[in-house]
$ cat protein.txt   # compact mmCIF, C-alpha atoms
# COMPACT_ATOMS: atom_id res chain seq x y z
CA ALA M 788 45.05 -58.49 -14.23
CA GLN M 789 47.90 -60.64 -13.01
CA SER M 790 51.32 -59.64 -11.73
CA VAL M 791 54.37 -61.01 -9.98
CA ALA M 792 56.96 -59.37 -7.79
CA GLN M 793 60.40 -60.69 -7.02
CA PRO M 794 61.65 -58.23 -4.42
CA GLU M 795 65.32 -59.26 -4.52
CA ASP M 796 67.41 -58.72 -7.64
CA GLN M 797 70.30 -60.68 -6.15
CA VAL M 798 70.58 -63.36 -3.47
CA ASN M 799 73.92 -64.69 -2.22
CA VAL M 800 74.09 -67.91 -0.23
CA ALA M 801 77.01 -69.96 1.02
CA GLU M 802 77.28 -73.46 -0.37
CA GLY M 803 75.52 -75.96 1.88
CA ASN M 804 73.24 -73.36 3.45
CA PRO M 805 69.49 -73.25 2.86
CA LEU M 806 68.29 -70.83 0.21
CA THR M 807 65.08 -68.90 -0.33
CA VAL M 808 64.07 -66.89 -3.39
CA LYS M 809 61.00 -64.77 -2.79
CA CYS M 810 57.94 -64.28 -4.97
CA THR M 811 54.60 -62.59 -4.39
CA TYR M 812 51.74 -62.48 -6.85
CA SER M 813 48.46 -60.77 -7.63
CA VAL M 814 45.56 -62.29 -9.58
CA SER M 815 41.83 -61.76 -9.69
CA GLY M 816 40.97 -65.46 -9.39
CA ASN M 817 42.94 -68.41 -8.13
CA PRO M 818 46.59 -68.55 -9.19
CA TYR M 819 48.61 -71.07 -11.08
CA LEU M 820 52.23 -70.49 -10.06
CA PHE M 821 55.48 -71.57 -11.67
CA TRP M 822 59.22 -71.32 -11.09
CA TYR M 823 61.72 -71.36 -13.95
CA VAL M 824 65.51 -71.20 -13.98
CA GLN M 825 67.64 -69.63 -16.70
CA TYR M 826 71.28 -70.47 -17.23
CA PRO M 827 73.51 -68.30 -19.47
CA ASN M 828 72.82 -68.77 -23.18
CA ARG M 829 70.08 -71.25 -22.47
CA GLY M 830 66.33 -71.12 -22.43
CA LEU M 831 64.10 -71.15 -19.39
CA GLN M 832 63.88 -74.50 -17.66
CA PHE M 833 60.78 -75.48 -15.70
CA LEU M 834 61.39 -76.26 -12.01
CA LEU M 835 57.98 -76.70 -10.40
CA LYS M 836 54.38 -75.53 -10.33
CA TYR M 837 51.46 -75.06 -7.97
CA ILE M 838 48.00 -75.69 -9.36
CA THR M 839 45.94 -76.89 -6.40
CA GLY M 840 46.25 -79.16 -3.37
CA ASP M 841 49.23 -79.43 -1.07
CA ASN M 842 50.79 -76.04 -0.39
CA LEU M 843 54.31 -77.50 -0.47
CA VAL M 844 55.35 -78.37 -3.98
CA LYS M 845 58.46 -80.37 -4.81
CA GLY M 846 60.29 -79.95 -8.08
CA SER M 847 63.48 -80.62 -9.98
CA TYR M 848 67.03 -80.54 -8.58
CA GLY M 849 65.86 -80.68 -4.95
CA PHE M 850 63.91 -77.42 -5.12
CA GLU M 851 60.57 -76.91 -3.43
CA ALA M 852 58.15 -74.02 -3.07
CA GLU M 853 55.51 -73.12 -0.55
CA PHE M 854 52.22 -71.59 -1.61
CA ASN M 855 50.78 -69.19 0.97
CA LYS M 856 47.40 -67.85 -0.07
CA SER M 857 47.00 -65.37 2.79
CA GLN M 858 50.36 -63.79 2.03
CA THR M 859 49.99 -64.25 -1.75
CA SER M 860 53.48 -65.72 -1.84
CA PHE M 861 55.21 -68.62 -3.54
CA HIS M 862 58.79 -68.67 -2.28
CA LEU M 863 61.33 -71.06 -3.79
CA LYS M 864 63.46 -73.02 -1.33
CA LYS M 865 66.22 -75.58 -1.15
CA PRO M 866 67.60 -77.09 2.05
CA SER M 867 71.25 -77.16 0.97
CA ALA M 868 72.57 -74.98 -1.84
CA LEU M 869 75.00 -76.16 -4.50
CA VAL M 870 77.37 -73.99 -6.53
CA SER M 871 75.61 -75.33 -9.63
CA ASP M 872 72.37 -73.70 -8.43
CA SER M 873 73.83 -70.31 -9.37
CA ALA M 874 71.52 -68.96 -12.08
CA LEU M 875 68.67 -66.54 -12.78
CA TYR M 876 65.33 -67.59 -11.30
CA PHE M 877 61.93 -66.44 -12.49
CA CYS M 878 58.57 -66.74 -10.80
CA ALA M 879 55.49 -66.71 -13.05
CA VAL M 880 51.74 -66.61 -12.50
CA ARG M 881 48.66 -67.40 -14.53
CA ASP M 882 45.10 -66.62 -13.51
CA GLU M 883 42.85 -69.68 -13.48
CA ASN M 884 40.28 -68.03 -15.76
CA PHE M 885 39.62 -70.33 -18.67
CA GLY M 886 41.19 -69.18 -21.86
CA ASN M 887 43.90 -67.22 -20.14
CA GLU M 888 47.08 -68.89 -21.26
CA LYS M 889 49.40 -65.97 -20.66
CA LEU M 890 52.20 -66.37 -18.13
CA THR M 891 53.27 -63.19 -16.36
CA PHE M 892 56.86 -63.32 -15.14
CA GLY M 893 58.70 -61.45 -12.44
CA THR M 894 61.89 -59.55 -13.19
CA GLY M 895 64.05 -62.38 -11.95
CA THR M 896 66.39 -63.02 -9.03
CA ARG M 897 70.04 -63.79 -9.62
CA LEU M 898 71.12 -66.49 -7.20
CA THR M 899 74.82 -66.84 -6.48
CA ILE M 900 76.08 -69.72 -4.40
CA ILE M 901 79.41 -68.94 -2.80
CA PRO M 902 81.81 -71.90 -2.44
CA ASP X 759 66.87 -83.65 -28.68
CA THR X 760 63.09 -83.40 -28.77
CA GLY X 761 62.77 -80.02 -27.07
CA VAL X 762 61.57 -76.73 -28.53
CA SER X 763 63.93 -75.47 -31.22
CA GLN X 764 64.31 -71.95 -32.54
CA ASN X 765 66.14 -70.61 -35.58
CA PRO X 766 68.21 -68.62 -36.01
CA ARG X 767 69.81 -68.36 -32.59
CA HIS X 768 71.21 -64.94 -33.36
CA LYS X 769 70.17 -62.29 -35.85
CA ILE X 770 71.79 -58.93 -36.51
CA THR X 771 69.88 -56.61 -38.79
CA LYS X 772 69.85 -52.99 -39.78
CA ARG X 773 67.04 -50.71 -38.75
CA GLY X 774 64.21 -50.81 -41.23
CA GLN X 775 64.82 -54.37 -42.40
CA ASN X 776 62.36 -57.23 -41.96
CA VAL X 777 63.25 -60.33 -39.98
CA THR X 778 61.56 -63.70 -39.51
CA PHE X 779 62.12 -66.23 -36.76
CA ARG X 780 61.04 -69.84 -36.68
CA CYS X 781 59.94 -72.03 -33.77
CA ASP X 782 59.45 -75.78 -33.82
CA PRO X 783 57.54 -76.94 -30.75
CA ILE X 784 57.63 -80.32 -29.08
CA SER X 785 55.74 -82.57 -31.48
CA GLU X 786 52.79 -83.56 -29.31
CA HIS X 787 52.19 -80.02 -28.02
CA ASN X 788 49.33 -78.16 -29.63
CA ARG X 789 49.83 -74.89 -27.76
CA LEU X 790 52.58 -72.50 -28.79
CA TYR X 791 53.60 -69.18 -27.26
CA TRP X 792 55.90 -66.30 -28.15
CA TYR X 793 57.54 -64.11 -25.50
CA ARG X 794 60.06 -61.30 -25.63
CA GLN X 795 62.78 -60.81 -23.03
CA THR X 796 64.91 -57.70 -22.69
CA LEU X 797 67.98 -57.35 -20.52
CA GLY X 798 67.17 -57.36 -16.83
CA GLN X 799 63.54 -58.24 -17.35
CA GLY X 800 61.43 -61.36 -17.29
CA PRO X 801 59.84 -62.69 -20.45
CA GLU X 802 56.80 -60.72 -21.67
CA PHE X 803 53.95 -62.48 -23.42
CA LEU X 804 53.43 -61.64 -27.07
CA THR X 805 50.99 -64.17 -28.51
CA TYR X 806 49.54 -67.67 -28.21
CA PHE X 807 48.34 -70.34 -30.64
CA GLN X 808 46.19 -73.36 -30.12
CA ASN X 809 46.82 -75.49 -33.17
CA GLU X 810 46.74 -73.02 -36.06
CA ALA X 811 44.45 -70.53 -34.36
CA GLN X 812 45.98 -67.40 -32.86
CA LEU X 813 43.87 -66.97 -29.73
CA GLU X 814 45.53 -64.17 -27.81
CA LYS X 815 47.75 -61.22 -28.68
CA SER X 816 49.43 -58.77 -26.36
CA ARG X 817 49.24 -55.05 -26.85
CA LEU X 818 53.04 -55.30 -27.12
CA LEU X 819 52.50 -56.90 -30.51
CA SER X 820 52.34 -53.81 -32.67
CA ASP X 821 51.17 -53.90 -36.28
CA ARG X 822 54.79 -54.41 -37.34
CA PHE X 823 54.72 -57.83 -35.72
CA SER X 824 52.92 -60.83 -37.16
CA ALA X 825 52.92 -64.46 -36.11
CA GLU X 826 51.63 -67.49 -37.93
CA ARG X 827 51.27 -71.19 -37.35
CA PRO X 828 49.85 -72.32 -40.67
CA LYS X 829 49.57 -76.07 -40.12
CA GLY X 830 49.47 -76.15 -36.37
CA SER X 831 53.07 -77.30 -36.16
CA PHE X 832 55.94 -74.80 -36.50
CA SER X 833 55.40 -71.08 -36.07
CA THR X 834 57.01 -67.96 -37.50
CA LEU X 835 57.31 -64.51 -35.99
CA GLU X 836 57.97 -61.68 -38.43
CA ILE X 837 58.99 -58.16 -37.53
CA GLN X 838 58.68 -55.59 -40.29
CA ARG X 839 60.62 -52.33 -40.45
CA THR X 840 62.69 -53.22 -37.40
CA GLU X 841 63.54 -50.55 -34.85
CA GLN X 842 66.35 -50.46 -32.30
CA GLY X 843 63.77 -51.01 -29.56
CA ASP X 844 63.01 -54.41 -31.06
CA SER X 845 66.42 -55.65 -29.92
CA ALA X 846 65.66 -58.45 -27.48
CA MET X 847 65.60 -62.20 -26.98
CA TYR X 848 62.54 -63.76 -28.59
CA LEU X 849 61.45 -66.92 -26.83
CA CYS X 850 59.10 -69.61 -28.03
CA ALA X 851 57.38 -72.11 -25.75
CA SER X 852 54.95 -74.97 -26.16
CA SER X 853 52.72 -77.01 -23.88
CA PHE X 854 50.42 -80.01 -23.79
CA PRO X 855 46.75 -79.62 -24.59
CA GLY X 856 44.05 -80.08 -21.98
CA PRO X 857 42.21 -78.25 -19.22
CA THR X 858 44.99 -78.83 -16.70
CA PRO X 859 47.45 -75.93 -16.78
CA PHE X 860 50.52 -77.70 -18.03
CA GLU X 861 53.89 -75.99 -17.80
CA GLN X 862 55.31 -74.29 -20.85
CA TYR X 863 58.57 -75.64 -22.26
CA PHE X 864 60.84 -72.97 -23.66
CA GLY X 865 63.26 -72.98 -26.55
CA PRO X 866 66.74 -71.43 -26.41
CA GLY X 867 65.53 -68.19 -27.96
CA THR X 868 66.54 -66.00 -30.89
CA ARG X 869 68.60 -62.97 -29.96
CA LEU X 870 67.83 -60.03 -32.23
CA THR X 871 70.14 -57.06 -32.47
CA VAL X 872 68.98 -54.09 -34.53
CA THR X 873 71.77 -51.70 -35.49
$ encode --input "protein.txt" --output "structure tokens"
Amino acid sequence: AQSVAQPEDQVNVAEGNPLTVKCTYSVSGNPYLFWYVQYPNRGLQFLLKYITGDNLVKGSYGFEAEFNKSQTSFHLKKPSALVSDSALYFCAVRDENFGNEKLTFGTGTRLTIIP
Amino acid sequence: DTGVSQNPRHKITKRGQNVTFRCDPISEHNRLYWYRQTLGQGPEFLTYFQNEAQLEKSRLLSDRFSAERPKGSFSTLEIQRTEQGDSAMYLCASSFPGPTPFEQYFGPGTRLTVT
């Protein structure tokens, strides 16, 4: 089984401050981890992924995420938030088992950047 | 735009009617996925195709739901005898082939409202 938890429904950050959106996961094997962003009336947009290798992954729009195996976490970060980063963010996990193509998503975190 | 497209974008139907949605994936992608997203939740996996073969189905996909991808290109999702609980956003995604876990690219979704 695979699951994802996003413990915060809402995160508010002042513009220019660093932001963190939290994600923890559970899988039976090794995880493949993804972050997506959803803007109103638009589909999910891929931000970044962790497959293997370096624990710090860099993605689109200045976002990065850190994979921590011991804490089973994959938190999304950005050094300096922009108002345009305000959106709904989803973490997703896939177990490495061959043939498992299903992504399991968290319930989402609404990020609001305050000008 | 060469992204994933979905039609229609919105569908309002009366309970008991049948509805069909279409998804056109990115042309070089051989994997296609259907997800359902309800308000306040992350997307939930419904089914997955590799070329024309339907390889995985969620238990969420009751016998009223059927998906096809007859020529390995576009896909359709049909819901028979719709119920109010079927009201949701139906998302389609596609990805590259290969052993590396490529990210899934999502379409804008079809919003279904059952009255």
$ residues_around --input "protein.txt" --residues "X:Ala851" --least-positions-apart "4" --cutoff "10 Å" --atoms "only C-alpha atoms" --output "PyMOL selection string"
(chain M and resi 830-831) or (chain X and resi 761-764+781-784+787+789-793+806+861-867)
$ closest_residue --input "protein.txt" --among "M:Ala801, M:Leu898, M:Leu863, M:Val791" --to "chain X" --atoms "only C-alpha atoms"
M:Val791
$ atom_distance --input "protein.txt" --atom1 "atom CA of M:Thr839" --atom2 "atom CA of X:Thr760"
28.9 Å
$ closest_residue --input "protein.txt" --among "M:Asn828, M:Ser813, M:Thr899, M:Asn804" --to "M:Val870" --atoms "all atoms listed in the file"
M:Thr899
$ atom_distance --input "protein.txt" --atom1 "atom CA of M:Lys836" --atom2 "atom CA of M:Ala852"
8.3 Å
$ closest_residue --input "protein.txt" --among "X:Gln808, X:Thr868, X:Gln799, X:Gln842" --to "chain M" --atoms "only C-alpha atoms"
X:Gln799
$ residues_near_point --input "protein.txt" --point "(46.9, -72.2, -29.6)" --cutoff "9 Å" --atoms "all atoms listed in the file" --output "number ranges by chain"
M: 888; X: 788-791, 806-814, 827, 830, 855
$ atom_distance --input "protein.txt" --atom1 "atom CA of M:Ile838" --atom2 "atom CA of M:Glu853"
11.9 Å
$ closest_atom_pairs --input "protein.txt" --of "chain M" --to "chain X" --cutoff "9 Å" --atoms "all atoms listed in the file" --output "JSON lines"
{"residue": "M:Tyr819", "atom": "CA", "partner": "X:Pro859", "partner_atom": "CA", "distance": 7.6}
{"residue": "M:Phe821", "atom": "CA", "partner": "X:Glu861", "partner_atom": "CA", "distance": 7.7}
{"residue": "M:Asn828", "atom": "CA", "partner": "X:Pro866", "partner_atom": "CA", "distance": 7.4}
{"residue": "M:Arg829", "atom": "CA", "partner": "X:Pro866", "partner_atom": "CA", "distance": 5.2}
{"residue": "M:Gly830", "atom": "CA", "partner": "X:Pro866", "partner_atom": "CA", "distance": 4.0}
{"residue": "M:Leu831", "atom": "CA", "partner": "X:Phe864", "partner_atom": "CA", "distance": 5.7}
{"residue": "M:Gln832", "atom": "CA", "partner": "X:Phe864", "partner_atom": "CA", "distance": 6.9}
{"residue": "M:Phe833", "atom": "CA", "partner": "X:Tyr863", "partner_atom": "CA", "distance": 6.9}
{"residue": "M:Leu835", "atom": "CA", "partner": "X:Glu861", "partner_atom": "CA", "distance": 8.5}
{"residue": "M:Lys836", "atom": "CA", "partner": "X:Glu861", "partner_atom": "CA", "distance": 7.5}
{"residue": "M:Ile838", "atom": "CA", "partner": "X:Pro859", "partner_atom": "CA", "distance": 7.4}
{"residue": "M:Phe877", "atom": "CA", "partner": "X:Gly800", "partner_atom": "CA", "distance": 7.0}
{"residue": "M:Cys878", "atom": "CA", "partner": "X:Gly800", "partner_atom": "CA", "distance": 8.9}
{"residue": "M:Arg881", "atom": "CA", "partner": "X:Pro859", "partner_atom": "CA", "distance": 8.9}
{"residue": "M:Glu883", "atom": "CA", "partner": "X:Pro859", "partner_atom": "CA", "distance": 8.4}
{"residue": "M:Phe885", "atom": "CA", "partner": "X:Pro857", "partner_atom": "CA", "distance": 8.4}
{"residue": "M:Gly886", "atom": "CA", "partner": "X:Leu813", "partner_atom": "CA", "distance": 8.6}
{"residue": "M:Asn887", "atom": "CA", "partner": "X:Glu814", "partner_atom": "CA", "distance": 8.4}
{"residue": "M:Glu888", "atom": "CA", "partner": "X:Tyr806", "partner_atom": "CA", "distance": 7.5}
{"residue": "M:Lys889", "atom": "CA", "partner": "X:Phe803", "partner_atom": "CA", "distance": 6.4}
{"residue": "M:Leu890", "atom": "CA", "partner": "X:Phe803", "partner_atom": "CA", "distance": 6.8}
{"residue": "M:Thr891", "atom": "CA", "partner": "X:Glu802", "partner_atom": "CA", "distance": 6.8}
{"residue": "M:Phe892", "atom": "CA", "partner": "X:Gly800", "partner_atom": "CA", "distance": 5.4}
{"residue": "M:Gly893", "atom": "CA", "partner": "X:Gly800", "partner_atom": "CA", "distance": 5.6}
{"residue": "M:Thr894", "atom": "CA", "partner": "X:Gly800", "partner_atom": "CA", "distance": 4.5}
{"residue": "M:Gly895", "atom": "CA", "partner": "X:Gly800", "partner_atom": "CA", "distance": 6.0}
$ closest_residue --input "protein.txt" --among "X:Thr871, X:Thr796, X:Leu818, X:Glu786" --to "X:Phe832" --atoms "only C-alpha atoms"
X:Glu786
$ closest_residue --input "protein.txt" --among "M:Gln797, M:Thr811, M:Ser790, M:Ser873" --to "M:Asn855" --atoms "all atoms listed in the file"
M:Thr811
$ residues_around --input "protein.txt" --residues "M:Leu875" --least-positions-apart "2" --cutoff "6 Å" --atoms "all atoms listed in the file" --output "PDB file with C-alpha atoms, keeping the file's coordinate frame"
ATOM      1  CA  VAL M 824      65.510 -71.200 -13.980  1.00  0.00           C
ATOM      2  CA  GLN M 825      67.640 -69.630 -16.700  1.00  0.00           C
ATOM      3  CA  THR M 896      66.390 -63.020  -9.030  1.00  0.00           C
ATOM      4  CA  ARG M 897      70.040 -63.790  -9.620  1.00  0.00           C
TER       5      ARG M 897
END
$ closest_residue --input "protein.txt" --among "M:Leu820, M:Ala879, M:Leu834, M:Cys810" --to "M:Ser860" --atoms "only C-alpha atoms"
M:Cys810
$ residues_near_point --input "protein.txt" --point "(73.8, -73.1, 0.8)" --cutoff "12 Å" --atoms "only C-alpha atoms" --output "list in words"
Val798, Asn799, Val800, Ala801, Glu802, Gly803, Asn804, Pro805, Leu806, Thr807, Lys864, Lys865, Pro866, Ser867, Ala868, Leu869, Val870, Ser871, Asp872, Ser873, Leu898, Thr899, Ile900, Ile901 and Pro902 of chain M
$ build_atoms --input "protein.txt" --residues "stretch 857-868 of chain M" --atoms "all heavy atoms" --output "PDB file, in the frame of the given file"
ATOM      1  N   SER M 857      47.263 -66.580   2.006  1.00  0.00           N
ATOM      2  CA  SER M 857      47.000 -65.370   2.790  1.00  0.00           C
ATOM      3  C   SER M 857      48.073 -64.307   2.549  1.00  0.00           C
ATOM      4  O   SER M 857      47.779 -63.110   2.592  1.00  0.00           O
ATOM      5  CB  SER M 857      46.915 -65.708   4.274  1.00  0.00           C
ATOM      6  OG  SER M 857      48.151 -66.215   4.745  1.00  0.00           O
ATOM      7  N   GLN M 858      49.285 -64.741   2.303  1.00  0.00           N
ATOM      8  CA  GLN M 858      50.360 -63.790   2.030  1.00  0.00           C
ATOM      9  C   GLN M 858      50.609 -63.603   0.544  1.00  0.00           C
ATOM     10  O   GLN M 858      51.534 -62.874   0.170  1.00  0.00           O
ATOM     11  CB  GLN M 858      51.653 -64.244   2.725  1.00  0.00           C
ATOM     12  CG  GLN M 858      51.533 -64.283   4.253  1.00  0.00           C
ATOM     13  CD  GLN M 858      52.848 -64.582   4.936  1.00  0.00           C
ATOM     14  OE1 GLN M 858      53.884 -64.728   4.294  1.00  0.00           O
ATOM     15  NE2 GLN M 858      52.806 -64.689   6.260  1.00  0.00           N
ATOM     16  N   THR M 859      49.830 -64.258  -0.276  1.00  0.00           N
ATOM     17  CA  THR M 859      49.990 -64.250  -1.750  1.00  0.00           C
ATOM     18  C   THR M 859      51.449 -64.426  -2.127  1.00  0.00           C
ATOM     19  O   THR M 859      52.019 -63.648  -2.906  1.00  0.00           O
ATOM     20  CB  THR M 859      49.410 -62.970  -2.389  1.00  0.00           C
ATOM     21  OG1 THR M 859      50.108 -61.809  -1.907  1.00  0.00           O
ATOM     22  CG2 THR M 859      47.940 -62.840  -2.112  1.00  0.00           C
ATOM     23  N   SER M 860      52.062 -65.476  -1.570  1.00  0.00           N
ATOM     24  CA  SER M 860      53.480 -65.720  -1.840  1.00  0.00           C
ATOM     25  C   SER M 860      53.698 -67.139  -2.344  1.00  0.00           C
ATOM     26  O   SER M 860      52.886 -68.039  -2.117  1.00  0.00           O
ATOM     27  CB  SER M 860      54.317 -65.470  -0.588  1.00  0.00           C
ATOM     28  OG  SER M 860      54.028 -66.435   0.400  1.00  0.00           O
ATOM     29  N   PHE M 861      54.821 -67.305  -2.999  1.00  0.00           N
ATOM     30  CA  PHE M 861      55.210 -68.620  -3.540  1.00  0.00           C
ATOM     31  C   PHE M 861      56.730 -68.648  -3.570  1.00  0.00           C
ATOM     32  O   PHE M 861      57.359 -68.588  -4.620  1.00  0.00           O
ATOM     33  CB  PHE M 861      54.600 -68.814  -4.930  1.00  0.00           C
ATOM     34  CG  PHE M 861      54.755 -70.203  -5.500  1.00  0.00           C
ATOM     35  CD1 PHE M 861      54.270 -71.306  -4.817  1.00  0.00           C
ATOM     36  CD2 PHE M 861      55.351 -70.404  -6.738  1.00  0.00           C
ATOM     37  CE1 PHE M 861      54.395 -72.590  -5.346  1.00  0.00           C
ATOM     38  CE2 PHE M 861      55.482 -71.682  -7.274  1.00  0.00           C
ATOM     39  CZ  PHE M 861      55.006 -72.773  -6.587  1.00  0.00           C
ATOM     40  N   HIS M 862      57.333 -68.736  -2.405  1.00  0.00           N
ATOM     41  CA  HIS M 862      58.790 -68.670  -2.280  1.00  0.00           C
ATOM     42  C   HIS M 862      59.444 -69.994  -2.666  1.00  0.00           C
ATOM     43  O   HIS M 862      58.970 -71.063  -2.275  1.00  0.00           O
ATOM     44  CB  HIS M 862      59.189 -68.300  -0.855  1.00  0.00           C
ATOM     45  CG  HIS M 862      58.634 -66.989  -0.381  1.00  0.00           C
ATOM     46  ND1 HIS M 862      58.356 -65.932  -1.237  1.00  0.00           N
ATOM     47  CD2 HIS M 862      58.315 -66.563   0.864  1.00  0.00           C
ATOM     48  CE1 HIS M 862      57.897 -64.918  -0.559  1.00  0.00           C
ATOM     49  NE2 HIS M 862      57.852 -65.256   0.724  1.00  0.00           N
ATOM     50  N   LEU M 863      60.552 -69.895  -3.367  1.00  0.00           N
ATOM     51  CA  LEU M 863      61.330 -71.060  -3.790  1.00  0.00           C
ATOM     52  C   LEU M 863      62.367 -71.360  -2.720  1.00  0.00           C
ATOM     53  O   LEU M 863      63.033 -70.445  -2.219  1.00  0.00           O
ATOM     54  CB  LEU M 863      62.017 -70.767  -5.122  1.00  0.00           C
ATOM     55  CG  LEU M 863      62.847 -71.878  -5.737  1.00  0.00           C
ATOM     56  CD1 LEU M 863      61.949 -73.007  -6.219  1.00  0.00           C
ATOM     57  CD2 LEU M 863      63.695 -71.334  -6.881  1.00  0.00           C
ATOM     58  N   LYS M 864      62.537 -72.642  -2.391  1.00  0.00           N
ATOM     59  CA  LYS M 864      63.460 -73.020  -1.330  1.00  0.00           C
ATOM     60  C   LYS M 864      64.252 -74.261  -1.706  1.00  0.00           C
ATOM     61  O   LYS M 864      63.830 -75.056  -2.527  1.00  0.00           O
ATOM     62  CB  LYS M 864      62.675 -73.281  -0.027  1.00  0.00           C
ATOM     63  CG  LYS M 864      61.883 -72.087   0.467  1.00  0.00           C
ATOM     64  CD  LYS M 864      61.163 -72.389   1.766  1.00  0.00           C
ATOM     65  CE  LYS M 864      60.387 -71.155   2.225  1.00  0.00           C
ATOM     66  NZ  LYS M 864      59.757 -71.348   3.543  1.00  0.00           N
ATOM     67  N   LYS M 865      65.410 -74.371  -1.040  1.00  0.00           N
ATOM     68  CA  LYS M 865      66.220 -75.580  -1.150  1.00  0.00           C
ATOM     69  C   LYS M 865      66.976 -75.743   0.151  1.00  0.00           C
ATOM     70  O   LYS M 865      67.564 -74.771   0.646  1.00  0.00           O
ATOM     71  CB  LYS M 865      67.167 -75.487  -2.344  1.00  0.00           C
ATOM     72  CG  LYS M 865      67.899 -76.794  -2.632  1.00  0.00           C
ATOM     73  CD  LYS M 865      68.701 -76.708  -3.914  1.00  0.00           C
ATOM     74  CE  LYS M 865      69.357 -78.043  -4.193  1.00  0.00           C
ATOM     75  NZ  LYS M 865      70.184 -78.025  -5.426  1.00  0.00           N
ATOM     76  N   PRO M 866      67.003 -76.925   0.727  1.00  0.00           N
ATOM     77  CA  PRO M 866      67.600 -77.090   2.050  1.00  0.00           C
ATOM     78  C   PRO M 866      69.121 -76.874   2.080  1.00  0.00           C
ATOM     79  O   PRO M 866      69.656 -76.382   3.059  1.00  0.00           O
ATOM     80  CB  PRO M 866      67.256 -78.536   2.430  1.00  0.00           C
ATOM     81  CG  PRO M 866      66.133 -78.917   1.544  1.00  0.00           C
ATOM     82  CD  PRO M 866      66.309 -78.147   0.279  1.00  0.00           C
ATOM     83  N   SER M 867      69.793 -77.252   0.992  1.00  0.00           N
ATOM     84  CA  SER M 867      71.250 -77.160   0.970  1.00  0.00           C
ATOM     85  C   SER M 867      71.694 -76.739  -0.433  1.00  0.00           C
ATOM     86  O   SER M 867      71.562 -77.501  -1.392  1.00  0.00           O
ATOM     87  CB  SER M 867      71.862 -78.517   1.346  1.00  0.00           C
ATOM     88  OG  SER M 867      73.271 -78.462   1.300  1.00  0.00           O
ATOM     89  N   ALA M 868      72.235 -75.539  -0.535  1.00  0.00           N
ATOM     90  CA  ALA M 868      72.570 -74.980  -1.840  1.00  0.00           C
ATOM     91  C   ALA M 868      73.848 -75.583  -2.424  1.00  0.00           C
ATOM     92  O   ALA M 868      74.814 -75.888  -1.689  1.00  0.00           O
ATOM     93  CB  ALA M 868      72.734 -73.459  -1.715  1.00  0.00           C
TER      94      ALA M 868
END
